[in-house]
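Enquirer: Before I ask anything, here is the structure I am working with.
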Amino acid sequence: MNPLVSIIIPTFNRADLIAETLDSVREQTYQEWECLVIDDGSTDATEAVLKQYINKDQRFQYHKRPISFGKGANGCRNYGFSLSKGQFINWLDSDDLFSEDKLQAQISEIQQTEQTTKLVVSCKWNRFTTDIDGIFPKEAHINRSFSSGLELLKTFNKYASFFPSHAYLVSRELVAMSKGWDESLRVNQDGEFFTRILLQASRVLHPEKGMVYYRTPQLTGVSQFQDETKICSAIQSWQLISEHLQDEASLDQFPFIDHAKNYLFERIDDRKTWRKYPKFFEHQLRRARFTYQWKYRILAYFKKK
């Protein structure tokens, strides 16, 4: 029996890109799917585009996020999940793409295993900007199956790697156990969410075929580290990830937590933001004070000369 897959797409003013995403869903060789597009209040032609697809294929659905779910992609994702009926869930952003054999490869992998509970199935991936022609999968150490989600997280840590959200096919029970996406986060929400998912996953399967394409926008010159809301959200996401991992294993096994702290600390210009999170940036603040003290002493020495 072929299980139903629910593909959930949050969107906002993506009328220029979402058709390409929907085409990649409609062209799937695996047929047992539903696709729920959740609109976060688009003011462009998104609704008109969706009506065209729904008229051609009733497996597409278009819904507007109600006010009972938080504004933003995470609220849309949670609302989409509440409406979905699939045994397996696939999150997909409205500018990313599937290969046509993506779902078939993952479902075939599931059908070959006796264990069907608390499963996550990953797949190969690579980035693209405007065109996927000539884009081949990354050759990565994560392109294999794992005995648990924790083992995959350790491999992420070892090789500084990750899977984008739409690479994962997740059993419905795992999504329910995770209690959904954190609607307060605006940055790194996928990293936080899938840390929770993987820590509860009994196995991670990885088929040989199928891949996803992760759109990397052309640089705009605007940094998220100029937006205080996004800065705080990034810090909070890593605080949560640290707490999730600490509940399962020693943080000594996950030095990428410190790498993330260093990365954020070095890119945040406003020192007031550092001081809002003294425990999170404890080591970085101590090191900065030590460095400043030595710089002051050296300058004072040369002034005396």
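In the structure tokens, each chain is lettered A, B, ... as it comes, each chain's residues begin at 1, and ligands are numbered from 1 in order of appearance.
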What lies within 6 Å of segment 118-131 of chain A using only C-alpha atoms, ignoring chain neighbours under 4 positions off, as an NGL selection string?
Expert: :A and (137-138 or 167-171 or 174 or 201-206 or 211-217)
Enquirer: Could you please take those selected residues and save N, CA and C atoms as a compact mmCIF listing (two decimals), in the first residue's frame?
Expert:
```txt
# COMPACT_ATOMS: atom_id res chain seq x y z
N PRO A 137 24.09 16.38 -7.24
CA PRO A 137 24.10 16.31 -5.78
C PRO A 137 25.47 16.58 -5.18
N LYS A 138 25.46 17.19 -4.01
CA LYS A 138 26.70 17.33 -3.25
C LYS A 138 27.22 15.95 -2.88
N ALA A 167 14.51 18.29 2.08
CA ALA A 167 15.15 17.00 1.84
C ALA A 167 14.53 15.90 2.70
N TYR A 168 13.90 16.29 3.81
CA TYR A 168 13.38 15.32 4.77
C TYR A 168 11.94 14.91 4.46
N LEU A 169 11.69 13.62 4.52
CA LEU A 169 10.34 13.07 4.60
C LEU A 169 10.20 12.52 6.01
N VAL A 170 9.20 13.00 6.75
CA VAL A 170 9.11 12.73 8.19
C VAL A 170 7.79 12.03 8.51
N SER A 171 7.85 10.98 9.32
CA SER A 171 6.61 10.30 9.72
C SER A 171 5.75 11.26 10.55
N LEU A 174 6.26 11.64 14.34
CA LEU A 174 7.40 12.43 14.80
C LEU A 174 7.07 13.91 14.82
N ALA A 201 13.95 10.57 16.36
CA ALA A 201 13.87 9.63 15.25
C ALA A 201 14.56 8.31 15.59
N SER A 202 13.89 7.21 15.31
CA SER A 202 14.48 5.89 15.58
C SER A 202 15.50 5.50 14.52
N ARG A 203 15.26 5.96 13.27
CA ARG A 203 16.19 5.67 12.18
C ARG A 203 16.12 6.80 11.17
N VAL A 204 17.22 6.97 10.42
CA VAL A 204 17.24 7.90 9.29
C VAL A 204 17.64 7.11 8.06
N LEU A 205 16.72 7.01 7.12
CA LEU A 205 16.98 6.28 5.88
C LEU A 205 17.45 7.26 4.80
N HIS A 206 18.19 6.73 3.83
CA HIS A 206 18.72 7.60 2.77
C HIS A 206 18.78 6.81 1.46
N MET A 211 16.64 13.79 -5.28
CA MET A 211 17.35 14.91 -4.66
C MET A 211 16.43 16.13 -4.60
N VAL A 212 16.87 17.14 -3.88
CA VAL A 212 16.15 18.42 -3.84
C VAL A 212 17.12 19.54 -4.20
N TYR A 213 16.52 20.66 -4.62
CA TYR A 213 17.28 21.84 -5.02
C TYR A 213 16.92 22.99 -4.08
N TYR A 214 17.94 23.60 -3.51
CA TYR A 214 17.79 24.64 -2.49
C TYR A 214 18.18 25.97 -3.10
N ARG A 215 17.18 26.83 -3.30
CA ARG A 215 17.45 28.09 -3.98
C ARG A 215 18.22 29.04 -3.07
N THR A 216 19.34 29.50 -3.55
CA THR A 216 20.14 30.50 -2.84
C THR A 216 19.95 31.84 -3.54
N PRO A 217 19.30 32.79 -2.90
CA PRO A 217 19.03 34.06 -3.58
C PRO A 217 20.30 34.82 -3.89
```
Enquirer: Quick one: residues within 10 Å of Gln239 of chain A, only C-alpha atoms counted, chain neighbours fewer than 6 positions away excluded, as a ChimeraX atom specification?
Expert: /A:192,233,257,261,277,279-280
Enquirer: Would you mind exporting the chosen residues as a short mmCIF file (atom, residue, chain, number, x, y, z; two decimals), in the first residue's frame, restricted to N, CA and C atoms?
Expert:
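This went into result-v2.cif:
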```cif
data_model
loop_
_atom_site.label_atom_id
_atom_site.label_comp_id
_atom_site.auth_asym_id
_atom_site.auth_seq_id
_atom_site.Cartn_x
_atom_site.Cartn_y
_atom_site.Cartn_z
N GLU A 192 16.42 24.47 14.45
CA GLU A 192 15.85 24.15 15.77
C GLU A 192 14.80 23.06 15.67
N SER A 233 16.50 36.40 17.28
CA SER A 233 15.92 35.12 16.90
C SER A 233 17.01 34.08 16.64
N ILE A 257 28.12 24.03 18.45
CA ILE A 257 27.38 25.01 19.26
C ILE A 257 28.28 26.21 19.55
N LYS A 261 28.10 30.18 18.31
CA LYS A 261 28.21 31.32 19.22
C LYS A 261 29.30 32.29 18.75
N TYR A 277 22.44 38.58 26.50
CA TYR A 277 22.56 37.11 26.57
C TYR A 277 23.88 36.73 27.23
N LYS A 279 24.75 34.60 29.56
CA LYS A 279 25.03 33.19 29.75
C LYS A 279 25.38 32.53 28.42
N PHE A 280 24.64 32.88 27.37
CA PHE A 280 24.88 32.31 26.04
C PHE A 280 26.26 32.67 25.54
#
```
Enquirer: Under the rule that only C-alpha atoms are counted, which of A:Tyr53, A:Phe98, A:Phe12, A:Phe194 is the nearest residue to Leu245 of chain A?
Expert: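 Checking each of A:Tyr53, A:Phe98, A:Phe12, A:Phe194 against Leu245 of chain A, counting only C-alpha atoms, the winner is A:Phe194.
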Enquirer: Set the distance at 9 Å and use only C-alpha atoms: which residues neighbour segment 37-42 of chain A once local chain neighbours fewer than 5 positions away are removed? I'd like the list as a list of chain:residue names.
Expert: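 Once the adjacent positions are removed, what remains is A:Ile7, A:Ile8, A:Ile9, A:Pro10, A:Thr11, A:Phe12, A:Asn13, A:Arg14, A:Ala15, A:Glu47, A:Leu50, A:Phe60, A:Gln61, A:Tyr62, A:His63, A:Lys64, A:Arg65, A:Pro66, A:Lys71, A:Gly72, A:Ala73, A:Gly75, A:Cys76, A:Arg77, A:Tyr79, A:Gly80, A:Ser94.
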Enquirer: Could you pull out the alpha helix (DSSP H) residues of segment 122-203 of chain A from DSSP and send them as JSON, numbers by chain?
Expert: {"A": [149, 150, 151, 152, 153, 154, 155, 156, 157, 158, 159, 172, 173, 174, 175, 176, 177, 178, 189, 190, 191, 192, 193, 194, 195, 196, 197, 198, 199, 200]}
Enquirer: If we count only C-alpha atoms and set the cut-off at 12 Å, which residues sit around Ser161 of chain A, ignoring sequence neighbours fewer than 2 positions away in its own chain? Please answer as a list in words.
Expert: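 The contact residues come out as Trp125, Asn126, Lys138, Glu139, Ala140, His141, Ile142, Asn143, Leu152, Leu153, Lys154, Thr155, Phe156, Asn157, Lys158, Tyr159, Phe163, Pro164, Gly191 and Phe256 of chain A.
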Enquirer: Grab the residues selected above and save them as a short mmCIF file (atom, residue, chain, number, x, y, z; two decimals), in the first residue's frame with C-alpha atoms.
Expert:
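Done, and the output landed in part.cif:
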```
data_model
loop_
_atom_site.label_atom_id
_atom_site.label_comp_id
_atom_site.auth_asym_id
_atom_site.auth_seq_id
_atom_site.Cartn_x
_atom_site.Cartn_y
_atom_site.Cartn_z
CA TRP A 125 20.69 17.99 -2.39
CA ASN A 126 22.49 20.97 -3.81
CA LYS A 138 26.70 17.33 -3.25
CA GLU A 139 29.12 14.53 -2.45
CA ALA A 140 28.77 14.51 1.31
CA HIS A 141 29.42 12.24 4.28
CA ILE A 142 25.78 12.63 5.30
CA ASN A 143 24.54 10.84 2.15
CA LEU A 152 23.09 12.09 12.02
CA LEU A 153 23.35 15.16 14.27
CA LYS A 154 26.81 14.05 15.35
CA THR A 155 27.80 13.70 11.69
CA PHE A 156 26.43 17.17 10.94
CA ASN A 157 28.68 18.39 13.72
CA LYS A 158 31.75 16.52 12.52
CA TYR A 159 31.56 17.72 8.92
CA PHE A 163 20.12 18.92 4.99
CA PRO A 164 17.67 21.62 3.89
CA GLY A 191 17.70 23.99 12.45
CA PHE A 256 29.41 23.33 16.48
#
```
Enquirer: Distance atom CA of Thr116 of chain A-atom CA of Gln28 of chain A, one decimal place?
Expert: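 So the two atoms, atom CA of Thr116 of chain A and atom CA of Gln28 of chain A, lie 22.2 Å apart.
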Enquirer: Fewer than 6 positions away in the same chain doesn't count, so skip those; otherwise give me all residues within 10 Å of Gln236 of chain A, counting only C-alpha atoms, as a PyMOL selection string.
Expert: chain A and resi 184-189+192+230+242+277+280
Enquirer: Based on the backbone DSSP call, show me all residues of segment 79-304 of chain A assigned strand (DSSP E or B), as a list of chain:residue names.
Expert: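 Filtering segment 79-304 of chain A down to strand (DSSP E or B) leaves A:Phe88, A:Ile89, A:Asn90, A:Trp91, A:Leu97, A:Phe98, A:Leu119, A:Val120, A:Val121, A:Lys124, A:Trp125, A:Asn126, A:Arg127, A:Phe128, A:Phe146, A:Leu169, A:Val170, A:Ser171, A:Arg203, A:Val204, A:Leu205, A:Met211, A:Val212, A:Tyr213, A:Tyr214, A:Arg215.
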Enquirer: Calculated over only C-alpha atoms, which of the candidates A:Pro255, A:Gly70, A:Gly210, A:Pro3 has the smallest distance to Leu97 of chain A?
Expert: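 Among the listed residues, A:Gly210 lies closest to Leu97 of chain A.
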Enquirer: Could you tell me how far atom CA of Gln200 of chain A sits from atom CA of Gly149 of chain A, in Å to one decimal place?
Expert: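 Here the two named atoms are 6.9 Å from each other.
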